[in-house]
Amino acid sequence: MQNQRDHTQVLQAQPLVSFVVTAYNLPTTMLRECVESILALSMLPQEREIILVDDGSDETPLTELKDLASHLIYYRQDNQGVSAARNAGLRIATGQFIQFIDGDDRLIPENYEHCLEILQSKQPDMLLFSATTSPKKPKSELDCEGPFQGSEYMRHHNIKSSVCSYVFHRSLIGNLHFTVNKQFTEDEEFTPLLLLRSERLFTTEAKAYFYRQHQKSATHRKSDESLRKRFDDNLDTILRLNEKADRMPQADRQAMQRRVAQLTMDYIYNIIVETRDRDFLNEQLKELERNGLFPLPDRNYTKKYSWFRRMTNSQAGLRMLMLALPHLKRER
(Lines give C-alpha, C1' and ligand atoms only; values in the text may rest on other atoms or scores of the structure.)
Protein backbone atom coordinates (compact mmCIF):
# COMPACT_ATOMS: atom_id res chain seq x y z
CA MET A 1 0.00 0.00 0.00
CA GLN A 2 2.81 2.39 0.83
CA ASN A 3 4.35 1.91 -2.61
CA GLN A 4 0.99 2.55 -4.27
CA ARG A 5 0.48 5.80 -2.36
CA ASP A 6 3.97 6.98 -3.23
CA HIS A 7 3.35 6.21 -6.89
CA THR A 8 0.06 8.13 -6.83
CA GLN A 9 1.75 11.12 -5.23
CA VAL A 10 4.41 11.15 -7.95
CA LEU A 11 1.73 11.11 -10.65
CA GLN A 12 -0.14 13.96 -8.98
CA ALA A 13 3.06 15.97 -8.66
CA GLN A 14 3.85 15.74 -12.38
CA PRO A 15 2.70 18.86 -14.23
CA LEU A 16 0.19 18.40 -17.01
CA VAL A 17 2.05 20.76 -19.36
CA SER A 18 5.60 22.06 -19.46
CA PHE A 19 5.62 25.42 -21.27
CA VAL A 20 9.09 25.95 -22.75
CA VAL A 21 9.60 29.68 -23.43
CA THR A 22 12.73 30.65 -25.36
CA ALA A 23 14.08 34.19 -25.38
CA TYR A 24 17.06 36.20 -26.59
CA ASN A 25 17.35 39.97 -26.07
CA LEU A 26 13.60 40.47 -26.11
CA PRO A 27 11.79 43.50 -24.71
CA THR A 28 10.56 42.48 -21.28
CA THR A 29 7.10 43.80 -22.15
CA MET A 30 6.79 41.04 -24.75
CA LEU A 31 8.17 38.40 -22.43
CA ARG A 32 5.81 39.52 -19.68
CA GLU A 33 2.82 39.21 -22.03
CA CYS A 34 3.97 35.72 -22.94
CA VAL A 35 4.31 34.50 -19.35
CA GLU A 36 1.09 36.17 -18.23
CA SER A 37 -0.82 34.46 -21.05
CA ILE A 38 0.22 31.13 -19.52
CA LEU A 39 -0.64 32.22 -15.99
CA ALA A 40 -4.11 33.30 -17.24
CA LEU A 41 -4.99 29.67 -17.94
CA SER A 42 -7.26 27.93 -15.45
CA MET A 43 -4.48 25.59 -14.33
CA LEU A 44 -3.41 24.96 -10.78
CA PRO A 45 0.24 25.86 -10.10
CA GLN A 46 1.14 22.16 -9.82
CA GLU A 47 -0.47 21.47 -13.21
CA ARG A 48 1.88 23.76 -15.11
CA GLU A 49 5.62 24.21 -15.45
CA ILE A 50 6.97 27.37 -17.10
CA ILE A 51 10.57 26.98 -18.21
CA LEU A 52 12.20 30.19 -19.41
CA VAL A 53 15.34 29.43 -21.42
CA ASP A 54 17.46 32.56 -21.82
CA ASP A 55 19.72 32.04 -24.83
CA GLY A 56 22.51 34.33 -23.58
CA SER A 57 20.70 37.68 -23.56
CA ASP A 58 22.89 40.70 -22.87
CA GLU A 59 20.99 41.20 -19.62
CA THR A 60 18.88 38.74 -17.69
CA PRO A 61 15.15 39.46 -18.11
CA LEU A 62 14.49 38.41 -14.50
CA THR A 63 15.61 41.84 -13.31
CA GLU A 64 12.37 43.32 -14.65
CA LEU A 65 10.24 40.22 -14.10
CA LYS A 66 10.82 39.80 -10.36
CA ASP A 67 7.10 39.61 -9.66
CA LEU A 68 6.82 36.59 -11.99
CA ALA A 69 10.01 34.83 -10.93
CA SER A 70 8.28 32.50 -8.48
CA HIS A 71 6.29 31.00 -11.36
CA LEU A 72 9.36 30.33 -13.51
CA ILE A 73 12.13 27.79 -13.86
CA TYR A 74 14.88 30.01 -15.25
CA TYR A 75 17.74 28.54 -17.27
CA ARG A 76 20.46 30.68 -18.83
CA GLN A 77 22.94 29.45 -21.43
CA ASP A 78 25.54 30.98 -23.72
CA ASN A 79 24.05 32.20 -26.98
CA GLN A 80 23.69 29.11 -29.17
CA GLY A 81 20.46 29.74 -31.07
CA VAL A 82 16.84 28.74 -30.62
CA SER A 83 17.45 25.06 -31.44
CA ALA A 84 19.90 24.65 -28.58
CA ALA A 85 17.56 26.61 -26.30
CA ARG A 86 14.65 24.30 -27.10
CA ASN A 87 16.86 21.24 -26.58
CA ALA A 88 17.72 22.60 -23.13
CA GLY A 89 14.02 23.06 -22.39
CA LEU A 90 13.33 19.46 -23.42
CA ARG A 91 15.99 18.21 -21.03
CA ILE A 92 14.52 20.20 -18.14
CA ALA A 93 10.81 19.56 -18.77
CA THR A 94 9.00 17.11 -16.49
CA GLY A 95 5.39 17.62 -17.63
CA GLN A 96 3.26 15.01 -19.36
CA PHE A 97 2.94 17.34 -22.36
CA ILE A 98 5.27 19.96 -23.83
CA GLN A 99 4.32 23.27 -25.39
CA PHE A 100 6.94 25.49 -27.03
CA ILE A 101 6.37 29.24 -27.03
CA ASP A 102 8.62 31.89 -28.55
CA GLY A 103 9.12 34.60 -25.96
CA ASP A 104 7.86 37.37 -28.26
CA ASP A 105 4.58 35.51 -28.85
CA ARG A 106 1.80 34.50 -26.45
CA LEU A 107 -1.02 32.05 -25.95
CA ILE A 108 -4.65 33.03 -26.45
CA PRO A 109 -5.97 31.71 -23.11
CA GLU A 110 -9.68 31.41 -23.92
CA ASN A 111 -8.88 29.19 -26.90
CA TYR A 112 -5.97 27.32 -25.37
CA GLU A 113 -8.40 26.22 -22.65
CA HIS A 114 -10.09 24.16 -25.37
CA CYS A 115 -6.74 22.48 -26.07
CA LEU A 116 -6.34 21.65 -22.38
CA GLU A 117 -9.79 20.05 -22.36
CA ILE A 118 -8.76 17.86 -25.31
CA LEU A 119 -5.54 16.83 -23.56
CA GLN A 120 -7.47 15.70 -20.51
CA SER A 121 -10.43 14.07 -22.28
CA LYS A 122 -8.77 12.48 -25.32
CA GLN A 123 -5.26 11.76 -24.02
CA PRO A 124 -3.60 12.41 -27.40
CA ASP A 125 0.02 11.90 -28.32
CA MET A 126 -0.15 15.19 -30.15
CA LEU A 127 -2.66 18.00 -30.67
CA LEU A 128 -2.42 20.43 -33.59
CA PHE A 129 -4.14 23.79 -33.25
CA SER A 130 -4.27 27.06 -35.20
CA ALA A 131 -2.40 30.33 -34.78
CA THR A 132 -3.13 33.92 -35.73
CA THR A 133 -1.10 37.03 -36.47
CA SER A 134 -3.99 39.35 -35.59
CA PRO A 135 -3.86 40.98 -32.14
CA LYS A 136 -7.67 41.13 -32.11
CA LYS A 137 -9.50 38.46 -30.15
CA PRO A 138 -10.04 35.73 -32.75
CA LYS A 139 -13.26 33.88 -33.39
CA SER A 140 -12.49 30.20 -33.29
CA GLU A 141 -14.23 26.95 -34.08
CA LEU A 142 -13.81 24.86 -30.94
CA ASP A 143 -13.83 21.57 -32.79
CA CYS A 144 -11.83 18.39 -32.39
CA GLU A 145 -11.00 15.74 -34.98
CA GLY A 146 -9.13 12.47 -34.56
CA PRO A 147 -7.55 10.27 -33.63
CA PHE A 148 -5.25 9.87 -36.63
CA GLN A 149 -1.98 8.11 -37.02
CA GLY A 150 0.70 10.70 -37.73
CA SER A 151 1.78 9.05 -40.98
CA GLU A 152 -1.84 8.79 -42.17
CA TYR A 153 -2.42 12.49 -41.47
CA MET A 154 0.77 13.52 -43.28
CA ARG A 155 -0.11 11.45 -46.34
CA HIS A 156 -3.33 13.44 -46.82
CA HIS A 157 -2.58 16.90 -45.45
CA ASN A 158 -0.05 19.69 -45.82
CA ILE A 159 1.26 20.31 -42.33
CA LYS A 160 2.29 23.51 -40.58
CA SER A 161 5.84 23.15 -39.36
CA SER A 162 5.91 25.62 -36.45
CA VAL A 163 6.57 23.78 -33.19
CA CYS A 164 4.54 26.44 -31.42
CA SER A 165 1.33 25.33 -33.15
CA TYR A 166 0.98 22.02 -31.33
CA VAL A 167 1.34 20.39 -27.93
CA PHE A 168 2.74 16.87 -27.63
CA HIS A 169 3.30 14.11 -25.10
CA ARG A 170 6.90 14.05 -23.95
CA SER A 171 7.03 10.24 -24.46
CA LEU A 172 7.19 10.94 -28.23
CA ILE A 173 10.60 12.57 -27.95
CA GLY A 174 12.90 9.61 -27.33
CA ASN A 175 16.21 10.59 -28.93
CA LEU A 176 14.70 13.28 -31.17
CA HIS A 177 16.15 16.77 -30.83
CA PHE A 178 16.52 19.99 -32.77
CA THR A 179 19.47 20.26 -35.14
CA VAL A 180 21.63 23.12 -33.89
CA ASN A 181 23.23 25.83 -36.04
CA LYS A 182 20.07 26.21 -38.12
CA GLN A 183 18.79 29.75 -38.05
CA PHE A 184 15.64 29.38 -40.08
CA THR A 185 14.49 25.77 -40.55
CA GLU A 186 14.76 24.21 -37.09
CA ASP A 187 11.02 23.43 -37.09
CA GLU A 188 10.89 21.99 -40.61
CA GLU A 189 12.94 18.95 -39.66
CA PHE A 190 11.68 18.40 -36.12
CA THR A 191 7.92 18.57 -36.77
CA PRO A 192 7.44 15.87 -39.44
CA LEU A 193 9.74 13.47 -37.58
CA LEU A 194 7.72 14.01 -34.41
CA LEU A 195 4.41 13.61 -36.27
CA LEU A 196 5.46 10.22 -37.61
CA ARG A 197 5.85 8.99 -34.02
CA SER A 198 2.29 9.89 -33.12
CA GLU A 199 -0.34 7.13 -32.87
CA ARG A 200 -3.10 9.36 -31.47
CA LEU A 201 -3.08 12.69 -33.27
CA PHE A 202 -5.94 15.15 -32.83
CA THR A 203 -6.56 18.49 -34.53
CA THR A 204 -8.59 21.59 -33.76
CA GLU A 205 -9.12 24.84 -35.64
CA ALA A 206 -9.07 26.79 -32.36
CA LYS A 207 -6.74 29.80 -32.73
CA ALA A 208 -4.81 29.27 -29.53
CA TYR A 209 -1.50 31.01 -30.32
CA PHE A 210 -0.67 34.61 -31.24
CA TYR A 211 2.36 34.90 -33.50
CA ARG A 212 3.83 38.40 -33.37
CA GLN A 213 5.24 39.61 -36.67
CA HIS A 214 7.99 42.19 -36.33
CA GLN A 215 11.01 43.22 -38.35
CA LYS A 216 13.61 41.93 -35.88
CA SER A 217 12.45 38.33 -36.17
CA ALA A 218 14.76 36.01 -38.10
CA THR A 219 12.25 35.26 -40.86
CA HIS A 220 11.91 38.96 -41.72
CA ARG A 221 15.60 39.68 -42.34
CA LYS A 222 16.09 40.52 -46.01
CA SER A 223 19.84 41.04 -46.43
CA ASP A 224 21.59 39.02 -49.14
CA GLU A 225 23.59 37.17 -46.48
CA SER A 226 20.48 36.35 -44.49
CA LEU A 227 18.63 35.14 -47.60
CA ARG A 228 21.55 32.92 -48.61
CA LYS A 229 21.70 31.43 -45.11
CA ARG A 230 17.97 30.74 -45.17
CA PHE A 231 18.12 29.04 -48.56
CA ASP A 232 21.13 26.98 -47.49
CA ASP A 233 19.27 25.88 -44.34
CA ASN A 234 16.15 25.07 -46.36
CA LEU A 235 18.04 22.94 -48.87
CA ASP A 236 19.97 21.13 -46.15
CA THR A 237 16.73 20.28 -44.34
CA ILE A 238 15.07 19.03 -47.55
CA LEU A 239 18.05 16.79 -48.31
CA ARG A 240 18.20 15.44 -44.74
CA LEU A 241 14.49 14.59 -44.70
CA ASN A 242 14.72 12.99 -48.13
CA GLU A 243 17.60 10.83 -46.96
CA LYS A 244 15.68 9.78 -43.85
CA ALA A 245 12.61 8.92 -45.96
CA ASP A 246 14.60 6.33 -47.90
CA ARG A 247 15.14 4.36 -44.69
CA MET A 248 11.54 4.47 -43.43
CA PRO A 249 8.75 1.87 -43.60
CA GLN A 250 6.46 2.34 -46.60
CA ALA A 251 3.65 4.31 -44.92
CA ASP A 252 6.10 6.67 -43.21
CA ARG A 253 8.16 6.98 -46.40
CA GLN A 254 5.11 8.01 -48.43
CA ALA A 255 4.17 10.57 -45.80
CA MET A 256 7.69 12.02 -45.70
CA GLN A 257 7.96 12.06 -49.50
CA ARG A 258 4.86 14.26 -49.63
CA ARG A 259 6.42 16.60 -47.08
CA VAL A 260 9.71 16.72 -48.98
CA ALA A 261 7.88 17.52 -52.22
CA GLN A 262 5.95 20.31 -50.50
CA LEU A 263 9.12 21.80 -49.01
CA THR A 264 10.84 21.59 -52.38
CA MET A 265 7.97 23.42 -54.05
CA ASP A 266 8.10 26.12 -51.36
CA TYR A 267 11.87 26.35 -51.78
CA ILE A 268 11.60 27.01 -55.52
CA TYR A 269 8.72 29.45 -55.01
CA ASN A 270 10.66 31.46 -52.41
CA ILE A 271 13.76 31.68 -54.59
CA ILE A 272 11.67 33.13 -57.40
CA VAL A 273 9.80 35.60 -55.19
CA GLU A 274 12.63 36.74 -52.93
CA THR A 275 15.64 36.79 -55.27
CA ARG A 276 14.17 37.19 -58.81
CA ASP A 277 17.55 35.79 -59.88
CA ARG A 278 17.21 33.35 -62.77
CA ASP A 279 20.86 32.27 -62.59
CA PHE A 280 20.56 31.42 -58.91
CA LEU A 281 17.28 29.60 -59.57
CA ASN A 282 18.88 27.49 -62.32
CA GLU A 283 21.80 26.68 -60.04
CA GLN A 284 19.47 25.45 -57.28
CA LEU A 285 17.27 23.47 -59.70
CA LYS A 286 20.39 21.63 -60.89
CA GLU A 287 21.29 20.82 -57.28
CA LEU A 288 17.77 19.51 -56.65
CA GLU A 289 17.98 17.45 -59.86
CA ARG A 290 21.28 15.91 -58.75
CA ASN A 291 19.51 14.71 -55.63
CA GLY A 292 16.47 13.32 -57.46
CA LEU A 293 14.12 16.07 -56.25
CA PHE A 294 13.52 17.92 -59.52
CA PRO A 295 11.40 17.81 -61.59
CA LEU A 296 8.85 17.65 -58.81
CA PRO A 297 7.21 14.21 -58.43
CA ASP A 298 4.03 13.69 -60.45
CA ARG A 299 1.56 13.48 -57.55
CA ASN A 300 -1.88 15.01 -57.06
CA TYR A 301 -1.17 16.31 -53.57
CA THR A 302 -3.06 19.58 -54.09
CA LYS A 303 -4.25 21.66 -57.05
CA LYS A 304 -1.57 24.25 -56.29
CA TYR A 305 1.12 21.59 -56.24
CA SER A 306 -0.02 20.05 -59.55
CA TRP A 307 -0.16 23.48 -61.20
CA PHE A 308 3.25 24.51 -59.89
CA ARG A 309 4.82 21.19 -60.94
CA ARG A 310 3.58 21.63 -64.51
CA MET A 311 4.82 25.22 -64.69
CA THR A 312 8.31 24.36 -63.45
CA ASN A 313 8.62 21.48 -65.92
CA SER A 314 9.32 23.82 -68.86
CA GLN A 315 11.53 26.81 -69.53
CA ALA A 316 8.50 28.78 -70.71
CA GLY A 317 6.68 27.99 -67.47
CA LEU A 318 9.67 29.07 -65.39
CA ARG A 319 9.87 32.36 -67.31
CA MET A 320 6.19 33.01 -66.59
CA LEU A 321 6.69 32.25 -62.90
CA MET A 322 9.69 34.59 -62.75
CA LEU A 323 7.58 37.38 -64.24
CA ALA A 324 4.32 36.80 -62.38
CA LEU A 325 5.05 35.52 -58.87
CA PRO A 326 6.96 38.54 -57.47
CA HIS A 327 4.11 40.84 -58.53
CA LEU A 328 1.43 38.54 -57.08
CA LYS A 329 3.36 38.41 -53.79
CA ARG A 330 3.60 42.20 -53.66
CA GLU A 331 -0.16 42.63 -54.24
CA ARG A 332 -1.17 40.37 -51.35
# chains A, B, ... in the order shown; residues from 1 in each chain; ligands from 1

$ select_by_dssp --residues "range 40-201 of chain A" --states "alpha helix (DSSP H)" --output "PDB file with N, CA and C atoms, in the first residue's frame"
ATOM      1  N   VAL A  82      18.104  29.229 -31.151  1.00  0.00           N
ATOM      2  CA  VAL A  82      16.836  28.738 -30.622  1.00  0.00           C
ATOM      3  C   VAL A  82      16.790  27.214 -30.551  1.00  0.00           C
ATOM      4  N   SER A  83      17.466  26.526 -31.471  1.00  0.00           N
ATOM      5  CA  SER A  83      17.448  25.058 -31.444  1.00  0.00           C
ATOM      6  C   SER A  83      18.073  24.537 -30.163  1.00  0.00           C
ATOM      7  N   ALA A  84      19.238  25.075 -29.814  1.00  0.00           N
ATOM      8  CA  ALA A  84      19.902  24.653 -28.581  1.00  0.00           C
ATOM      9  C   ALA A  84      19.068  25.036 -27.359  1.00  0.00           C
ATOM     10  N   ALA A  85      18.404  26.193 -27.421  1.00  0.00           N
ATOM     11  CA  ALA A  85      17.556  26.615 -26.303  1.00  0.00           C
ATOM     12  C   ALA A  85      16.384  25.659 -26.114  1.00  0.00           C
ATOM     13  N   ARG A  86      15.771  25.242 -27.208  1.00  0.00           N
ATOM     14  CA  ARG A  86      14.654  24.298 -27.101  1.00  0.00           C
ATOM     15  C   ARG A  86      15.139  22.933 -26.618  1.00  0.00           C
ATOM     16  N   ASN A  87      16.312  22.504 -27.075  1.00  0.00           N
ATOM     17  CA  ASN A  87      16.862  21.238 -26.581  1.00  0.00           C
ATOM     18  C   ASN A  87      17.078  21.293 -25.071  1.00  0.00           C
ATOM     19  N   ALA A  88      17.534  22.439 -24.577  1.00  0.00           N
ATOM     20  CA  ALA A  88      17.720  22.605 -23.133  1.00  0.00           C
ATOM     21  C   ALA A  88      16.377  22.508 -22.419  1.00  0.00           C
ATOM     22  N   GLY A  89      15.343  23.134 -22.990  1.00  0.00           N
ATOM     23  CA  GLY A  89      14.016  23.056 -22.394  1.00  0.00           C
ATOM     24  C   GLY A  89      13.492  21.640 -22.350  1.00  0.00           C
ATOM     25  N   LEU A  90      13.755  20.868 -23.402  1.00  0.00           N
ATOM     26  CA  LEU A  90      13.330  19.464 -23.423  1.00  0.00           C
ATOM     27  C   LEU A  90      14.003  18.664 -22.320  1.00  0.00           C
ATOM     28  N   ARG A  91      15.264  18.945 -22.075  1.00  0.00           N
ATOM     29  CA  ARG A  91      15.990  18.208 -21.025  1.00  0.00           C
ATOM     30  C   ARG A  91      15.438  18.531 -19.639  1.00  0.00           C
ATOM     31  N   ILE A  92      14.992  19.758 -19.450  1.00  0.00           N
ATOM     32  CA  ILE A  92      14.521  20.197 -18.137  1.00  0.00           C
ATOM     33  C   ILE A  92      13.074  19.788 -17.877  1.00  0.00           C
ATOM     34  N   PRO A 109      -5.494  32.593 -24.187  1.00  0.00           N
ATOM     35  CA  PRO A 109      -5.971  31.711 -23.106  1.00  0.00           C
ATOM     36  C   PRO A 109      -7.350  31.111 -23.337  1.00  0.00           C
ATOM     37  N   GLU A 110      -8.313  31.922 -23.791  1.00  0.00           N
ATOM     38  CA  GLU A 110      -9.676  31.414 -23.920  1.00  0.00           C
ATOM     39  C   GLU A 110      -9.759  30.271 -24.932  1.00  0.00           C
ATOM     40  N   ASN A 111      -8.886  30.283 -25.920  1.00  0.00           N
ATOM     41  CA  ASN A 111      -8.882  29.194 -26.903  1.00  0.00           C
ATOM     42  C   ASN A 111      -7.940  28.065 -26.514  1.00  0.00           C
ATOM     43  N   TYR A 112      -6.866  28.392 -25.815  1.00  0.00           N
ATOM     44  CA  TYR A 112      -5.971  27.324 -25.372  1.00  0.00           C
ATOM     45  C   TYR A 112      -6.651  26.456 -24.307  1.00  0.00           C
ATOM     46  N   GLU A 113      -7.627  27.017 -23.604  1.00  0.00           N
ATOM     47  CA  GLU A 113      -8.404  26.223 -22.645  1.00  0.00           C
ATOM     48  C   GLU A 113      -9.048  25.023 -23.348  1.00  0.00           C
ATOM     49  N   HIS A 114      -9.497  25.247 -24.581  1.00  0.00           N
ATOM     50  CA  HIS A 114     -10.090  24.157 -25.366  1.00  0.00           C
ATOM     51  C   HIS A 114      -9.053  23.068 -25.606  1.00  0.00           C
ATOM     52  N   CYS A 115      -7.821  23.465 -25.874  1.00  0.00           N
ATOM     53  CA  CYS A 115      -6.742  22.482 -26.073  1.00  0.00           C
ATOM     54  C   CYS A 115      -6.501  21.682 -24.796  1.00  0.00           C
ATOM     55  N   LEU A 116      -6.535  22.350 -23.652  1.00  0.00           N
ATOM     56  CA  LEU A 116      -6.337  21.652 -22.378  1.00  0.00           C
ATOM     57  C   LEU A 116      -7.450  20.635 -22.139  1.00  0.00           C
ATOM     58  N   GLU A 117      -8.673  20.994 -22.510  1.00  0.00           N
ATOM     59  CA  GLU A 117      -9.791  20.053 -22.362  1.00  0.00           C
ATOM     60  C   GLU A 117      -9.570  18.809 -23.212  1.00  0.00           C
ATOM     61  N   ILE A 118      -9.040  19.000 -24.423  1.00  0.00           N
ATOM     62  CA  ILE A 118      -8.764  17.861 -25.308  1.00  0.00           C
ATOM     63  C   ILE A 118      -7.659  16.985 -24.724  1.00  0.00           C
ATOM     64  N   LEU A 119      -6.622  17.610 -24.170  1.00  0.00           N
ATOM     65  CA  LEU A 119      -5.539  16.830 -23.555  1.00  0.00           C
ATOM     66  C   LEU A 119      -6.082  15.931 -22.456  1.00  0.00           C
ATOM     67  N   GLN A 120      -6.982  16.462 -21.650  1.00  0.00           N
ATOM     68  CA  GLN A 120      -7.471  15.702 -20.505  1.00  0.00           C
ATOM     69  C   GLN A 120      -8.539  14.678 -20.891  1.00  0.00           C
ATOM     70  N   SER A 121      -9.337  14.984 -21.916  1.00  0.00           N
ATOM     71  CA  SER A 121     -10.432  14.069 -22.276  1.00  0.00           C
ATOM     72  C   SER A 121     -10.029  13.023 -23.311  1.00  0.00           C
ATOM     73  N   LYS A 122      -9.128  13.384 -24.222  1.00  0.00           N
ATOM     74  CA  LYS A 122      -8.774  12.484 -25.324  1.00  0.00           C
ATOM     75  C   LYS A 122      -7.441  11.773 -25.118  1.00  0.00           C
ATOM     76  N   GLY A 150      -0.062   9.596 -37.166  1.00  0.00           N
ATOM     77  CA  GLY A 150       0.696  10.704 -37.733  1.00  0.00           C
ATOM     78  C   GLY A 150       1.020  10.507 -39.199  1.00  0.00           C
ATOM     79  N   SER A 151       1.428   9.299 -39.579  1.00  0.00           N
ATOM     80  CA  SER A 151       1.778   9.046 -40.976  1.00  0.00           C
ATOM     81  C   SER A 151       0.552   9.159 -41.878  1.00  0.00           C
ATOM     82  N   GLU A 152      -0.605   8.682 -41.386  1.00  0.00           N
ATOM     83  CA  GLU A 152      -1.842   8.791 -42.165  1.00  0.00           C
ATOM     84  C   GLU A 152      -2.193  10.253 -42.404  1.00  0.00           C
ATOM     85  N   TYR A 153      -2.086  11.074 -41.358  1.00  0.00           N
ATOM     86  CA  TYR A 153      -2.420  12.489 -41.473  1.00  0.00           C
ATOM     87  C   TYR A 153      -1.490  13.180 -42.467  1.00  0.00           C
ATOM     88  N   MET A 154      -0.200  12.886 -42.385  1.00  0.00           N
ATOM     89  CA  MET A 154       0.767  13.519 -43.279  1.00  0.00           C
ATOM     90  C   MET A 154       0.592  13.095 -44.729  1.00  0.00           C
ATOM     91  N   ARG A 155       0.094  11.901 -44.962  1.00  0.00           N
ATOM     92  CA  ARG A 155      -0.113  11.449 -46.344  1.00  0.00           C
ATOM     93  C   ARG A 155      -1.252  12.198 -47.029  1.00  0.00           C
ATOM     94  N   HIS A 156      -2.142  12.810 -46.243  1.00  0.00           N
ATOM     95  CA  HIS A 156      -3.329  13.438 -46.825  1.00  0.00           C
ATOM     96  C   HIS A 156      -3.449  14.934 -46.530  1.00  0.00           C
ATOM     97  N   GLU A 186      14.694  25.173 -38.188  1.00  0.00           N
ATOM     98  CA  GLU A 186      14.759  24.208 -37.090  1.00  0.00           C
ATOM     99  C   GLU A 186      13.451  23.438 -36.925  1.00  0.00           C
ATOM    100  N   ASP A 187      12.320  24.090 -37.235  1.00  0.00           N
ATOM    101  CA  ASP A 187      11.017  23.430 -37.088  1.00  0.00           C
ATOM    102  C   ASP A 187      10.726  22.455 -38.227  1.00  0.00           C
ATOM    103  N   GLU A 188      11.228  22.777 -39.418  1.00  0.00           N
ATOM    104  CA  GLU A 188      10.888  21.994 -40.608  1.00  0.00           C
ATOM    105  C   GLU A 188      11.354  20.546 -40.509  1.00  0.00           C
ATOM    106  N   GLU A 189      12.451  20.318 -39.807  1.00  0.00           N
ATOM    107  CA  GLU A 189      12.943  18.950 -39.659  1.00  0.00           C
ATOM    108  C   GLU A 189      12.309  18.259 -38.461  1.00  0.00           C
ATOM    109  N   PHE A 190      12.169  18.978 -37.359  1.00  0.00           N
ATOM    110  CA  PHE A 190      11.679  18.397 -36.116  1.00  0.00           C
ATOM    111  C   PHE A 190      10.216  17.962 -36.227  1.00  0.00           C
ATOM    112  N   THR A 191       9.370  18.812 -36.784  1.00  0.00           N
ATOM    113  CA  THR A 191       7.919  18.573 -36.769  1.00  0.00           C
ATOM    114  C   THR A 191       7.494  17.310 -37.513  1.00  0.00           C
ATOM    115  N   PRO A 192       7.893  17.094 -38.772  1.00  0.00           N
ATOM    116  CA  PRO A 192       7.439  15.869 -39.436  1.00  0.00           C
ATOM    117  C   PRO A 192       7.975  14.603 -38.778  1.00  0.00           C
ATOM    118  N   LEU A 193       9.189  14.651 -38.245  1.00  0.00           N
ATOM    119  CA  LEU A 193       9.744  13.469 -37.578  1.00  0.00           C
ATOM    120  C   LEU A 193       8.968  13.165 -36.298  1.00  0.00           C
ATOM    121  N   LEU A 194       8.532  14.205 -35.600  1.00  0.00           N
ATOM    122  CA  LEU A 194       7.717  14.006 -34.405  1.00  0.00           C
ATOM    123  C   LEU A 194       6.331  13.479 -34.780  1.00  0.00           C
ATOM    124  N   LEU A 195       5.741  14.041 -35.829  1.00  0.00           N
ATOM    125  CA  LEU A 195       4.411  13.608 -36.265  1.00  0.00           C
ATOM    126  C   LEU A 195       4.384  12.118 -36.597  1.00  0.00           C
TER     127      LEU A 195
END

$ residues_around --residues "Val260 in chain A" --least-positions-apart "6" --cutoff "7 Å" --atoms "only C-alpha atoms" --output "mmCIF file with N, CA, C and O atoms, in the first residue's frame"
data_model
loop_
_atom_site.group_PDB
_atom_site.id
_atom_site.type_symbol
_atom_site.label_atom_id
_atom_site.label_comp_id
_atom_site.auth_asym_id
_atom_site.auth_seq_id
_atom_site.Cartn_x
_atom_site.Cartn_y
_atom_site.Cartn_z
ATOM 1 N N ILE A 238 15.741 19.850 -46.534
ATOM 2 C CA ILE A 238 15.075 19.025 -47.548
ATOM 3 C C ILE A 238 15.898 17.771 -47.831
ATOM 4 O O ILE A 238 15.353 16.655 -47.889
ATOM 5 N N LEU A 241 15.762 15.297 -44.803
ATOM 6 C CA LEU A 241 14.487 14.592 -44.698
ATOM 7 C C LEU A 241 14.340 13.570 -45.818
ATOM 8 O O LEU A 241 13.808 12.477 -45.602
ATOM 9 N N ASN A 242 14.794 13.923 -47.009
ATOM 10 C CA ASN A 242 14.720 12.995 -48.131
ATOM 11 C C ASN A 242 15.573 11.754 -47.881
ATOM 12 O O ASN A 242 15.166 10.623 -48.177
#

$ atom_distance --atom1 "CA of His169 in chain A" --atom2 "CA of Leu196 in chain A"
13.3 Å

$ atom_distance --atom1 "CA of Leu16 in chain A" --atom2 "CA of Asp102 in chain A"
19.7 Å

$ residues_around --residues "Phe129 in chain A" --least-positions-apart "3" --cutoff "6 Å" --atoms "only C-alpha atoms" --output "PyMOL selection string"
chain A and resi 165-166+203-206

$ select_by_dssp --residues "range 156-327 of chain A" --states "strand (DSSP E or B)" --output "JSON, numbers by chain"
{"A": [166, 167, 168, 169, 201, 202, 203, 204, 205, 206, 207, 208, 209, 210]}

$ closest_residue --among "A:Asp236, A:Glu49, A:Glu287, A:Glu225" --to "Tyr74 in chain A" --atoms "only C-alpha atoms"
A:Glu49

$ atom_distance --atom1 "CA of Leu201 in chain A" --atom2 "CA of Gln123 in chain A"
9.6 Å
